[in-house]
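*Asks:* Got a file for you: data31.csv, CSV, C-alpha atoms.
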```csv
chain,number,residue,atom,x,y,z
G,1,MET,CA,-18.9,12.4,12.9
G,2,LEU,CA,-16.4,9.6,12.8
G,3,LYS,CA,-12.8,10.3,12.0
G,4,GLU,CA,-11.5,9.8,8.5
G,5,VAL,CA,-8.9,7.1,8.3
G,6,PHE,CA,-6.0,6.7,5.8
G,7,ILE,CA,-3.2,4.5,4.8
G,8,SER,CA,0.2,6.2,4.6
G,9,ASP,CA,3.3,3.9,4.4
G,10,THR,CA,3.4,0.3,3.2
G,11,ASN,CA,6.0,-2.4,2.8
G,12,CYS,CA,6.3,-6.1,2.0
G,13,ILE,CA,8.8,-9.0,2.2
G,14,THR,CA,8.3,-11.7,-0.4
G,15,PRO,CA,10.4,-14.1,-2.5
G,16,LEU,CA,10.2,-11.4,-5.3
G,17,GLY,CA,11.8,-8.7,-3.2
G,18,PHE,CA,12.1,-6.9,0.1
G,19,ASP,CA,10.3,-3.7,-0.8
G,20,VAL,CA,7.2,-2.5,-2.6
G,21,GLU,CA,9.0,-1.2,-5.7
G,22,THR,CA,10.9,-4.4,-6.3
G,23,ASN,CA,7.7,-6.4,-6.0
G,24,MET,CA,5.8,-4.1,-8.4
G,25,ALA,CA,8.6,-4.3,-11.0
G,26,ALA,CA,8.3,-8.1,-10.8
G,27,ILE,CA,4.6,-8.1,-11.2
G,28,GLU,CA,4.9,-5.7,-14.1
G,29,SER,CA,7.2,-8.2,-15.8
G,30,GLY,CA,4.8,-11.1,-15.2
G,31,ALA,CA,7.1,-12.9,-12.7
G,32,SER,CA,5.9,-15.4,-10.2
G,33,ALA,CA,7.4,-16.5,-6.9
G,34,VAL,CA,5.7,-19.9,-7.2
G,35,LYS,CA,8.4,-22.4,-8.1
G,36,ILE,CA,8.9,-26.2,-7.9
G,37,HIS,CA,10.7,-27.2,-4.7
G,38,ASP,CA,12.3,-30.5,-3.6
G,39,ASN,CA,12.6,-30.2,0.1
G,40,PRO,CA,12.1,-33.4,2.3
G,41,VAL,CA,11.4,-31.2,5.3
G,42,PHE,CA,7.9,-30.5,3.8
G,43,SER,CA,7.3,-33.4,1.4
G,44,ASN,CA,8.9,-36.6,0.1
G,45,LYS,CA,8.2,-35.5,-3.5
G,46,PRO,CA,8.6,-32.2,-5.4
G,47,PHE,CA,5.9,-29.5,-4.8
G,48,TYR,CA,5.0,-26.0,-5.9
G,49,GLY,CA,5.2,-23.1,-3.5
G,50,SER,CA,6.5,-19.6,-2.8
G,51,ILE,CA,9.4,-19.6,-0.3
G,52,ILE,CA,11.8,-16.8,0.8
G,53,ASP,CA,15.5,-17.7,0.7
G,54,GLN,CA,16.6,-18.1,4.3
G,55,HIS,CA,20.1,-16.7,3.5
G,56,LYS,CA,18.6,-13.5,2.1
G,57,ILE,CA,16.4,-13.0,5.2
G,58,ASP,CA,19.4,-13.6,7.5
G,59,GLY,CA,21.6,-11.3,5.5
G,60,GLU,CA,19.1,-8.4,5.5
G,61,PHE,CA,18.3,-8.9,9.2
G,62,ALA,CA,22.0,-8.8,10.1
G,63,SER,CA,22.0,-5.1,9.1
G,64,LEU,CA,19.3,-4.4,11.8
G,65,SER,CA,20.5,-6.6,14.6
G,66,PRO,CA,23.3,-9.0,15.4
G,67,SER,CA,21.1,-11.1,17.6
G,68,THR,CA,20.5,-14.8,16.7
G,69,LYS,CA,17.5,-15.3,18.9
G,70,TYR,CA,14.9,-14.3,16.3
G,71,THR,CA,13.0,-16.9,14.2
G,72,HIS,CA,12.6,-16.9,10.5
G,73,LEU,CA,9.1,-15.4,10.8
G,74,GLU,CA,10.1,-12.8,13.3
G,75,LYS,CA,12.9,-11.6,11.0
G,76,MET,CA,10.4,-11.3,8.2
G,77,LEU,CA,8.0,-9.3,10.3
G,78,ILE,CA,10.6,-6.9,11.6
G,79,LEU,CA,12.1,-6.4,8.1
G,80,ALA,CA,8.6,-5.6,6.8
G,81,MET,CA,7.9,-3.0,9.5
G,82,ASN,CA,11.3,-1.3,9.8
G,83,PRO,CA,11.1,1.0,6.7
G,84,ILE,CA,7.7,2.4,7.6
G,85,ILE,CA,8.4,3.3,11.3
G,86,ARG,CA,9.8,6.9,10.9
G,87,SER,CA,9.7,7.8,14.6
G,88,ALA,CA,9.5,6.1,18.0
G,89,PRO,CA,5.9,4.9,18.7
G,90,GLY,CA,4.1,7.0,21.2
G,91,LYS,CA,1.4,6.2,23.9
G,92,ARG,CA,-1.3,6.7,21.3
G,93,THR,CA,0.2,4.4,18.7
G,94,GLY,CA,-1.1,0.9,18.4
G,95,LEU,CA,0.3,-2.3,16.9
G,96,ILE,CA,-1.7,-5.2,15.4
G,97,LEU,CA,-0.1,-8.5,14.5
G,98,SER,CA,-2.0,-10.5,11.9
G,99,THR,CA,-1.1,-14.1,11.4
G,100,THR,CA,-2.7,-17.5,11.0
G,101,LYS,CA,-0.2,-19.9,12.5
G,102,GLY,CA,2.7,-17.6,13.7
G,103,ASN,CA,5.8,-19.5,14.9
G,104,VAL,CA,4.1,-22.8,14.5
G,105,SER,CA,7.4,-24.5,13.7
G,106,ALA,CA,8.6,-23.7,17.2
G,107,LEU,CA,6.3,-26.4,18.6
G,108,ALA,CA,8.7,-29.0,17.3
G,109,ASN,CA,11.4,-28.0,19.8
G,110,PRO,CA,10.7,-28.0,23.6
G,111,VAL,CA,13.4,-25.2,23.9
G,112,THR,CA,11.5,-22.8,21.6
G,113,ILE,CA,7.9,-23.9,22.3
G,114,ASN,CA,7.0,-20.6,24.1
G,115,GLN,CA,7.8,-18.7,20.9
G,116,ALA,CA,4.8,-20.5,19.4
G,117,TYR,CA,2.4,-18.5,21.5
G,118,LEU,CA,1.0,-15.7,19.3
G,119,GLY,CA,1.1,-13.2,22.2
G,120,GLU,CA,4.8,-13.9,22.6
G,121,LEU,CA,5.3,-13.3,18.9
G,122,ALA,CA,3.5,-10.0,19.1
G,123,LYS,CA,5.4,-8.9,22.2
G,124,THR,CA,8.7,-9.7,20.4
G,125,ILE,CA,7.8,-7.4,17.5
G,126,ALA,CA,6.5,-4.7,19.8
G,127,ASP,CA,9.7,-4.8,22.0
G,128,PHE,CA,12.0,-4.6,19.0
G,129,PHE,CA,10.4,-1.3,17.9
G,130,GLY,CA,9.7,0.1,21.4
G,131,PHE,CA,5.9,0.2,21.3
G,132,GLN,CA,4.4,1.6,24.5
G,133,THR,CA,1.0,0.0,24.0
G,134,ASN,CA,0.1,-3.7,24.3
G,135,PRO,CA,0.0,-5.3,20.8
G,136,ILE,CA,-3.2,-6.8,19.5
G,137,VAL,CA,-3.2,-10.2,17.7
G,138,ILE,CA,-5.7,-11.0,15.0
G,139,SER,CA,-5.7,-14.6,14.0
G,140,ASN,CA,-8.9,-15.3,12.1
G,141,ALA,CA,-7.8,-17.8,9.4
G,142,CYS,CA,-7.2,-16.3,6.0
G,143,VAL,CA,-9.1,-13.1,6.5
G,144,SER,CA,-6.6,-12.0,9.2
G,145,GLY,CA,-4.6,-9.6,7.1
G,146,ILE,CA,-7.5,-7.6,5.6
G,147,MET,CA,-9.5,-7.8,8.8
G,148,ALA,CA,-6.6,-6.1,10.6
G,149,ILE,CA,-7.2,-3.0,8.5
G,150,ALA,CA,-10.9,-2.9,9.4
G,151,VAL,CA,-10.0,-3.3,13.1
G,152,ALA,CA,-7.4,-0.6,13.0
G,153,LYS,CA,-9.8,1.8,11.3
G,154,ARG,CA,-12.4,1.2,14.0
G,155,LEU,CA,-9.8,1.6,16.8
G,156,ILE,CA,-8.8,5.0,15.5
G,157,GLN,CA,-12.5,6.1,14.9
G,158,SER,CA,-13.3,5.1,18.5
G,159,ASP,CA,-10.4,7.3,19.7
G,160,ALA,CA,-8.4,4.4,21.2
G,161,TYR,CA,-5.4,5.4,19.1
G,162,ASP,CA,-4.2,8.2,16.8
G,163,ASP,CA,-2.5,5.7,14.5
G,164,VAL,CA,-1.9,2.0,14.2
G,165,TYR,CA,0.8,-0.1,12.6
G,166,ILE,CA,-0.2,-3.5,11.2
G,167,VAL,CA,2.3,-6.2,10.4
G,168,ALA,CA,1.1,-9.5,8.9
G,169,GLY,CA,3.0,-12.7,8.2
G,170,ASP,CA,3.1,-16.4,8.0
G,171,GLU,CA,5.9,-18.9,7.3
G,172,PHE,CA,6.0,-21.9,5.0
G,173,SER,CA,5.7,-24.7,7.5
G,174,LYS,CA,5.5,-28.4,7.6
G,175,PHE,CA,2.4,-28.2,9.8
G,176,VAL,CA,0.5,-26.1,7.3
G,177,PHE,CA,1.7,-28.0,4.3
G,178,SER,CA,0.6,-31.3,5.8
G,179,GLY,CA,-2.7,-29.8,6.8
G,180,PHE,CA,-3.6,-28.6,3.3
G,181,SER,CA,-2.2,-31.9,1.9
G,182,SER,CA,-4.7,-33.8,4.0
G,183,PHE,CA,-7.5,-31.7,2.6
G,184,GLN,CA,-6.2,-32.6,-0.9
G,185,ALA,CA,-6.3,-28.8,-1.5
G,186,LEU,CA,-2.8,-28.4,-3.0
G,187,SER,CA,-2.3,-28.1,-6.8
G,188,ALA,CA,-0.1,-30.5,-8.7
G,189,GLY,CA,1.4,-27.5,-10.5
G,190,SER,CA,1.2,-23.8,-10.4
G,191,CYS,CA,-2.3,-22.7,-9.3
G,192,GLN,CA,-4.9,-21.3,-11.7
G,193,PRO,CA,-7.3,-19.0,-9.9
G,194,TYR,CA,-10.7,-18.7,-11.5
G,195,SER,CA,-9.9,-21.2,-14.3
G,196,SER,CA,-12.5,-23.9,-14.8
G,197,GLY,CA,-9.8,-26.6,-14.6
G,198,ARG,CA,-8.2,-25.3,-11.3
G,199,ASP,CA,-7.2,-28.1,-9.0
G,200,GLY,CA,-6.0,-26.4,-5.8
G,201,LEU,CA,-3.7,-23.8,-4.3
G,202,ASN,CA,0.0,-23.3,-3.8
G,203,LEU,CA,1.2,-22.3,-0.3
G,204,GLY,CA,3.6,-19.3,0.2
G,205,GLU,CA,5.2,-17.2,2.8
G,206,ALA,CA,5.4,-13.4,3.1
G,207,ALA,CA,5.2,-10.5,5.5
G,208,ALA,CA,3.6,-7.0,4.9
G,209,ALA,CA,3.2,-3.9,6.9
G,210,VAL,CA,1.1,-0.7,6.7
G,211,HIS,CA,0.6,2.4,8.7
G,212,ILE,CA,-3.0,3.4,9.4
G,213,THR,CA,-3.6,7.0,10.6
G,214,SER,CA,-6.1,9.8,11.0
G,215,ASP,CA,-3.6,12.3,9.6
G,216,LYS,CA,-4.5,13.1,6.1
G,217,SER,CA,-1.1,14.7,5.2
G,218,ASP,CA,1.2,12.7,2.9
G,219,THR,CA,-1.5,10.1,2.2
G,220,SER,CA,-3.3,9.2,-1.0
G,221,ILE,CA,-5.5,6.2,0.2
G,222,LYS,CA,-8.6,6.5,2.3
G,223,ILE,CA,-10.4,3.6,4.0
G,224,LEU,CA,-14.0,4.1,3.2
G,225,GLY,CA,-15.9,1.1,4.6
G,226,ASP,CA,-15.6,-2.5,5.7
G,227,GLY,CA,-17.7,-5.5,6.5
G,228,ALA,CA,-16.9,-8.8,8.2
G,229,ILE,CA,-19.6,-11.5,8.2
G,230,ASN,CA,-19.2,-15.1,9.4
G,231,ASP,CA,-21.8,-17.4,7.7
G,232,ALA,CA,-20.7,-20.4,9.8
G,233,ASN,CA,-21.1,-22.6,6.8
G,234,HIS,CA,-18.5,-25.2,7.6
G,235,ILE,CA,-15.1,-25.6,9.4
G,236,SER,CA,-13.2,-25.6,6.1
G,237,GLY,CA,-15.7,-25.3,3.2
G,238,PRO,CA,-17.1,-22.0,1.9
G,239,SER,CA,-20.8,-21.3,1.5
G,240,ARG,CA,-22.1,-22.3,-1.9
G,241,THR,CA,-24.3,-19.2,-2.1
G,242,GLY,CA,-21.5,-16.8,-1.1
G,243,GLU,CA,-23.7,-15.5,1.7
G,244,GLY,CA,-21.0,-14.3,4.1
G,245,LEU,CA,-18.9,-12.6,1.5
G,246,PHE,CA,-22.0,-11.1,-0.2
G,247,LYS,CA,-23.2,-9.6,3.1
G,248,SER,CA,-19.7,-8.4,3.9
G,249,ILE,CA,-19.6,-6.5,0.6
G,250,GLN,CA,-23.1,-5.1,1.2
G,251,SER,CA,-21.9,-3.8,4.6
G,252,ALA,CA,-18.7,-2.3,3.2
G,253,LEU,CA,-20.6,-0.5,0.4
G,254,LYS,CA,-23.2,0.9,2.9
G,255,GLU,CA,-20.5,2.3,5.1
G,256,ALA,CA,-18.5,3.7,2.2
G,257,LYS,CA,-21.7,5.4,0.9
G,258,ILE,CA,-21.1,4.3,-2.7
G,259,GLN,CA,-22.8,1.8,-5.1
G,260,ALA,CA,-21.5,-1.4,-6.6
G,261,ALA,CA,-21.2,0.4,-9.9
G,262,ASP,CA,-18.6,2.8,-8.4
G,263,ILE,CA,-16.1,0.1,-7.8
G,264,ASP,CA,-13.3,0.1,-10.4
G,265,TYR,CA,-11.3,-2.9,-9.3
G,266,ILE,CA,-11.4,-5.9,-6.9
G,267,SER,CA,-8.4,-7.6,-5.5
G,268,ALA,CA,-10.0,-10.9,-4.6
G,269,HIS,CA,-9.0,-13.9,-2.5
G,270,GLY,CA,-8.8,-16.4,-5.5
G,271,THR,CA,-7.2,-19.4,-3.9
G,272,ALA,CA,-7.7,-21.6,-7.0
G,273,THR,CA,-9.5,-24.2,-5.0
G,274,LEU,CA,-12.7,-25.5,-6.5
G,275,TYR,CA,-15.2,-24.2,-4.0
G,276,ASN,CA,-13.6,-20.9,-3.0
G,277,ASP,CA,-13.4,-19.4,-6.4
G,278,GLU,CA,-16.9,-20.4,-7.3
G,279,MET,CA,-18.2,-19.0,-4.0
G,280,GLU,CA,-16.5,-15.7,-4.7
G,281,SER,CA,-17.9,-15.5,-8.3
G,282,VAL,CA,-21.4,-16.1,-6.9
G,283,ALA,CA,-21.0,-13.4,-4.2
G,284,PHE,CA,-19.6,-10.9,-6.7
G,285,THR,CA,-22.5,-11.5,-9.0
G,286,ARG,CA,-25.1,-11.3,-6.3
G,287,ALA,CA,-23.6,-7.9,-5.3
G,288,GLY,CA,-23.7,-6.6,-8.9
G,289,LEU,CA,-19.9,-6.7,-9.3
G,290,GLN,CA,-19.6,-9.4,-12.0
G,291,CYS,CA,-18.4,-6.9,-14.6
G,292,VAL,CA,-15.8,-5.2,-12.4
G,293,PRO,CA,-12.1,-6.1,-13.2
G,294,VAL,CA,-10.9,-8.7,-10.7
G,295,ASN,CA,-7.7,-10.5,-10.1
G,296,SER,CA,-6.0,-12.9,-7.6
G,297,TYR,CA,-2.4,-12.6,-6.6
G,298,LYS,CA,-2.2,-16.3,-5.5
G,299,GLY,CA,-0.6,-17.2,-8.9
G,300,ILE,CA,2.2,-14.8,-8.0
G,301,TYR,CA,2.7,-15.3,-4.3
G,302,GLY,CA,0.8,-18.5,-3.5
G,303,HIS,CA,-1.5,-18.5,-0.5
G,304,THR,CA,0.4,-16.7,2.3
G,305,LEU,CA,-2.4,-17.3,4.8
G,306,GLY,CA,-2.6,-14.4,7.4
G,307,ALA,CA,-0.3,-12.3,5.3
G,308,SER,CA,-2.3,-12.6,2.1
G,309,GLY,CA,-5.0,-10.0,2.8
G,310,LEU,CA,-2.4,-7.3,3.8
G,311,LEU,CA,0.1,-8.2,1.2
G,312,GLU,CA,-2.5,-8.1,-1.6
G,313,THR,CA,-3.9,-4.8,-0.2
G,314,VAL,CA,-0.4,-3.3,-0.5
G,315,VAL,CA,-0.2,-4.4,-4.1
G,316,ALA,CA,-3.8,-3.2,-4.8
G,317,ILE,CA,-2.8,0.3,-3.4
G,318,GLU,CA,0.1,0.4,-5.9
G,319,SER,CA,-2.3,-0.7,-8.6
G,320,ALA,CA,-4.6,2.2,-7.8
G,321,ARG,CA,-1.8,4.7,-7.5
G,322,ARG,CA,-0.4,3.7,-10.9
G,323,ASN,CA,-3.9,3.3,-12.5
G,324,LYS,CA,-2.8,-0.2,-13.7
G,325,LEU,CA,-4.8,-3.4,-13.8
G,326,TYR,CA,-2.5,-6.4,-13.4
G,327,LYS,CA,-3.3,-9.8,-14.9
G,328,SER,CA,-4.4,-12.7,-12.7
G,329,VAL,CA,-1.4,-15.0,-13.2
G,330,GLY,CA,-2.4,-18.6,-13.8
G,331,TYR,CA,-5.8,-17.8,-15.3
G,332,ASP,CA,-6.2,-19.6,-18.6
G,333,GLY,CA,-9.3,-17.7,-19.9
G,334,SER,CA,-11.8,-20.4,-19.2
G,335,GLU,CA,-15.0,-19.5,-17.5
G,336,MET,CA,-16.6,-20.9,-14.3
G,337,PRO,CA,-20.4,-21.5,-14.1
G,338,THR,CA,-20.8,-18.0,-12.7
G,339,PRO,CA,-18.5,-15.8,-14.9
G,340,ILE,CA,-16.7,-12.8,-13.6
G,341,ASN,CA,-14.4,-10.2,-15.3
G,342,VAL,CA,-11.0,-11.7,-14.6
G,343,ILE,CA,-8.1,-9.5,-15.8
G,344,THR,CA,-6.1,-11.4,-18.5
G,345,GLU,CA,-3.5,-8.8,-19.4
G,346,ASN,CA,-1.8,-5.9,-17.8
G,347,SER,CA,-3.6,-2.7,-18.9
G,348,GLU,CA,-4.2,0.9,-18.0
G,349,GLY,CA,-7.3,1.7,-16.1
G,350,GLU,CA,-8.5,4.6,-14.0
G,351,ILE,CA,-8.9,3.3,-10.4
G,352,LYS,CA,-10.7,5.6,-7.8
G,353,TYR,CA,-12.6,3.1,-5.7
G,354,PHE,CA,-11.3,-0.4,-5.1
G,355,MET,CA,-12.1,-3.3,-2.9
G,356,LYS,CA,-10.1,-6.1,-1.2
G,357,THR,CA,-11.9,-9.3,-0.2
G,358,ALA,CA,-10.9,-12.4,1.7
G,359,SER,CA,-12.6,-15.6,2.9
G,360,GLY,CA,-11.4,-18.3,5.2
G,361,PHE,CA,-11.9,-21.4,7.3
G,362,GLY,CA,-14.8,-21.3,9.8
G,363,GLY,CA,-17.0,-19.2,7.4
G,364,CYS,CA,-15.2,-15.9,7.9
G,365,ASN,CA,-15.4,-13.3,5.2
G,366,THR,CA,-14.1,-9.7,5.0
G,367,ALA,CA,-14.4,-6.9,2.5
G,368,VAL,CA,-12.8,-3.4,2.7
G,369,ILE,CA,-13.3,-0.6,0.3
G,370,PHE,CA,-10.7,2.1,-0.4
G,371,GLU,CA,-10.6,5.4,-2.2
G,372,LYS,CA,-7.7,6.9,-4.0
G,373,LEU,CA,-7.5,10.6,-3.2
```
How does the structure come out when it is put into structure tokens?

*Replies:*
Amino acid sequence: MLKEVFISDTNCITPLGFDVETNMAAIESGASAVKIHDNPVFSNKPFYGSIIDQHKIDGEFASLSPSTKYTHLEKMLILAMNPIIRSAPGKRTGLILSTTKGNVSALANPVTINQAYLGELAKTIADFFGFQTNPIVISNACVSGIMAIAVAKRLIQSDAYDDVYIVAGDEFSKFVFSGFSSFQALSAGSCQPYSSGRDGLNLGEAAAAVHITSDKSDTSIKILGDGAINDANHISGPSRTGEGLFKSIQSALKEAKIQAADIDYISAHGTATLYNDEMESVAFTRAGLQCVPVNSYKGIYGHTLGASGLLETVVAIESARRNKLYKSVGYDGSEMPTPINVITENSEGEIKYFMKTASGFGGCNTAVIFEKL
């Protein structure tokens, strides 16, 4: 019989706050980190995005280390992890770094170019906290954050580790901004996930960290099942039939040994791009989940790339612990061709089983199902 696997500690670093409680208070109040910015480093005209104040990051990090060698992203990742590491990592403790582009900004300077290697980034984080095992990097587009949870679960169940720390993060970079601009995928205003008039996404930056363990004590969240299917539909466009996400959900439900009707809440990907949101609604409907309350946190944090799946899992865990369904910020109430049950107002709701989904470039899709104990 496979080991049971749980999530104990969590933390996040976002423009709304540098801990879970501050972020949840902001979400309760209806706040959004997506603001209009006028920064010529990224664009020659104003744009909407979610960016952490550099001075705040530097100030918080100074309390941990006087060193000036760390990049903006490295500071974010270390700050996210620091509160959840209660003791020195042992020989049976793993570390997973989840990111899409990592220190991509380091490519612009020959002096810092080595820091752009994802392996170097992972080693920097591992060395800071004294990990005795080699860190693992998961960089699979926008499913990276949630896929890391599935991988950690399987590593523990295969007896490779007793526990695993996951840290996920991506910075707001010129490289990524220009890339999504070339796709014409950026919204002219604040994004509107699942609205019929949605016109694109907002980019954001964040870091999140969780501790995955086989120790049931002092935990309230169990990882029940996962599925990760690549439908290889297109390098950047999602399947119109939602095939990969649909099969990922089926796989997760099968491992979790529950039915679609048992799911109380879905934290979806919801990028607010035309094809992603429609694909998700088709996949949810095919899986019999069209009536389940669903939201996207992209209207609050923007699309934080490799951090999004883990950050949104941290928030979903708090949602379940509080039995609170939070509105999908930016949704205007209009319906897509395949309607789903988008949450329009904060409300009370019993949450026992919940699911986090994500989809990304290259046809990757991941679904993970959790149980609140």

*Asks:* Name all residues at most 6 Å from segment 196-210 of chain G (count all atoms listed in the file; drop same-chain ones fewer than 6 positions away) and give them as a PyMOL selection string.

*Replies:* chain G and resi 9-14+49-51+76-77+80-81+165-172+185-187+271-273+302-304+307+311+334-336

*Asks:* When you look at segment 361-369 of chain G with a cut-off of 6 Å (counting only C-alpha atoms), what residues show up, excluding the ones that are within fewer than 4 positions of it in the same chain? I need them as a list in words.

*Replies:*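 Neighbouring residues, sequence-local ones excluded: Ala141, Leu224, Gly225, Asp226, Gly227, Ala228, Ile229, Asn230, Asp231, Ala232, Asn233, His234, Ile235, Ser236, Gly244, Leu245, Ser248, Ile249, Phe354, Met355, Lys356 and Thr357 of chain G.
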
*Asks:* What is the distance, in Å and to one decimal place, between atom CA of His55 of chain G and atom CA of His72 of chain G?

*Replies:*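 Distance reported for this atom pair: 10.3 Å.
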
*Asks:* For segment 92-108 of chain G, find every residue with an atom within 9 Å (counting all atoms listed in the file), except residues of its own chain fewer than 6 positions away, and show them as a tab-separated table (two decimals) with C-alpha atoms, keeping the file's coordinate frame.

*Replies:*
```tsv
chain	number	residue	atom	x	y	z
G	71	THR	CA	13.00	-16.90	14.20
G	72	HIS	CA	12.60	-16.90	10.50
G	73	LEU	CA	9.10	-15.40	10.80
G	74	GLU	CA	10.10	-12.80	13.30
G	114	ASN	CA	7.00	-20.60	24.10
G	115	GLN	CA	7.80	-18.70	20.90
G	116	ALA	CA	4.80	-20.50	19.40
G	117	TYR	CA	2.40	-18.50	21.50
G	118	LEU	CA	1.00	-15.70	19.30
G	121	LEU	CA	5.30	-13.30	18.90
G	122	ALA	CA	3.50	-10.00	19.10
G	125	ILE	CA	7.80	-7.40	17.50
G	126	ALA	CA	6.50	-4.70	19.80
G	131	PHE	CA	5.90	0.20	21.30
G	132	GLN	CA	4.40	1.60	24.50
G	133	THR	CA	1.00	0.00	24.00
G	134	ASN	CA	0.10	-3.70	24.30
G	135	PRO	CA	0.00	-5.30	20.80
G	136	ILE	CA	-3.20	-6.80	19.50
G	137	VAL	CA	-3.20	-10.20	17.70
G	138	ILE	CA	-5.70	-11.00	15.00
G	139	SER	CA	-5.70	-14.60	14.00
G	140	ASN	CA	-8.90	-15.30	12.10
G	141	ALA	CA	-7.80	-17.80	9.40
G	142	CYS	CA	-7.20	-16.30	6.00
G	143	VAL	CA	-9.10	-13.10	6.50
G	144	SER	CA	-6.60	-12.00	9.20
G	145	GLY	CA	-4.60	-9.60	7.10
G	146	ILE	CA	-7.50	-7.60	5.60
G	147	MET	CA	-9.50	-7.80	8.80
G	148	ALA	CA	-6.60	-6.10	10.60
G	151	VAL	CA	-10.00	-3.30	13.10
G	152	ALA	CA	-7.40	-0.60	13.00
G	155	LEU	CA	-9.80	1.60	16.80
G	160	ALA	CA	-8.40	4.40	21.20
G	161	TYR	CA	-5.40	5.40	19.10
G	162	ASP	CA	-4.20	8.20	16.80
G	163	ASP	CA	-2.50	5.70	14.50
G	164	VAL	CA	-1.90	2.00	14.20
G	165	TYR	CA	0.80	-0.10	12.60
G	166	ILE	CA	-0.20	-3.50	11.20
G	167	VAL	CA	2.30	-6.20	10.40
G	168	ALA	CA	1.10	-9.50	8.90
G	169	GLY	CA	3.00	-12.70	8.20
G	170	ASP	CA	3.10	-16.40	8.00
G	171	GLU	CA	5.90	-18.90	7.30
G	173	SER	CA	5.70	-24.70	7.50
G	174	LYS	CA	5.50	-28.40	7.60
G	175	PHE	CA	2.40	-28.20	9.80
G	176	VAL	CA	0.50	-26.10	7.30
G	305	LEU	CA	-2.40	-17.30	4.80
G	306	GLY	CA	-2.60	-14.40	7.40
G	307	ALA	CA	-0.30	-12.30	5.30
G	310	LEU	CA	-2.40	-7.30	3.80
```

*Asks:* Interatomic distance between atom CA of Cys291 of chain G and atom CA of Gln259 of chain G?

*Replies:*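 Calculated distance between atom CA of Cys291 of chain G and atom CA of Gln259 of chain G is 13.6 Å.
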
*Asks:* Nearest to Ala320 of chain G among G:Phe370, G:Tyr275, G:Tyr48, G:Tyr301, with distances taken over all atoms listed in the file: which residue is it?

*Replies:* G:Phe370

*Asks:* To one decimal in Å, tell me the separation between atom CA of Ile36 of chain G and atom CA of Ile266 of chain G.

*Replies:* 28.7 Å

*Asks:* Ranking G:Ala261, G:Glu312, G:Ser32, G:Tyr70 by minimum distance to Leu16 of chain G and counting only C-alpha atoms, which one comes first?

*Replies:*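 The closest residue to Leu16 of chain G is G:Ser32.
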
*Asks:* Since fewer atoms than expected are present, regenerate N, CA and C atoms for segment 108-120 of chain G and write them as a short mmCIF file (atom, residue, chain, number, x, y, z; two decimals), in the frame of the given file.

*Replies:*
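Final output, saved to part_3.cif:
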```cif
data_model
loop_
_atom_site.label_atom_id
_atom_site.label_comp_id
_atom_site.auth_asym_id
_atom_site.auth_seq_id
_atom_site.Cartn_x
_atom_site.Cartn_y
_atom_site.Cartn_z
N ALA G 108 7.92 -27.80 17.50
CA ALA G 108 8.70 -29.00 17.30
C ALA G 108 9.86 -29.15 18.28
N ASN G 109 10.20 -28.04 18.95
CA ASN G 109 11.40 -28.00 19.80
C ASN G 109 10.97 -27.54 21.23
N PRO G 110 11.13 -28.38 22.26
CA PRO G 110 10.70 -28.00 23.60
C PRO G 110 11.45 -26.67 24.07
N VAL G 111 12.62 -26.40 23.53
CA VAL G 111 13.40 -25.20 23.90
C VAL G 111 12.69 -23.93 23.40
N THR G 112 12.06 -24.03 22.23
CA THR G 112 11.50 -22.80 21.60
C THR G 112 9.94 -22.82 21.66
N ILE G 113 9.35 -23.74 22.39
CA ILE G 113 7.90 -23.90 22.30
C ILE G 113 7.14 -22.64 22.77
N ASN G 114 7.72 -21.87 23.71
CA ASN G 114 7.00 -20.60 24.10
C ASN G 114 6.92 -19.61 23.01
N GLN G 115 7.83 -19.69 22.03
CA GLN G 115 7.80 -18.70 20.90
C GLN G 115 6.56 -19.01 20.00
N ALA G 116 5.94 -20.17 20.18
CA ALA G 116 4.80 -20.50 19.40
C ALA G 116 3.52 -19.76 19.80
N TYR G 117 3.51 -19.23 21.02
CA TYR G 117 2.40 -18.50 21.50
C TYR G 117 2.28 -17.15 20.70
N LEU G 118 1.10 -16.86 20.14
CA LEU G 118 1.00 -15.70 19.30
C LEU G 118 1.19 -14.39 20.13
N GLY G 119 0.81 -14.41 21.39
CA GLY G 119 1.10 -13.20 22.20
C GLY G 119 2.53 -12.96 22.40
N GLU G 120 3.33 -14.02 22.50
CA GLU G 120 4.80 -13.90 22.60
C GLU G 120 5.38 -13.33 21.33
#
```
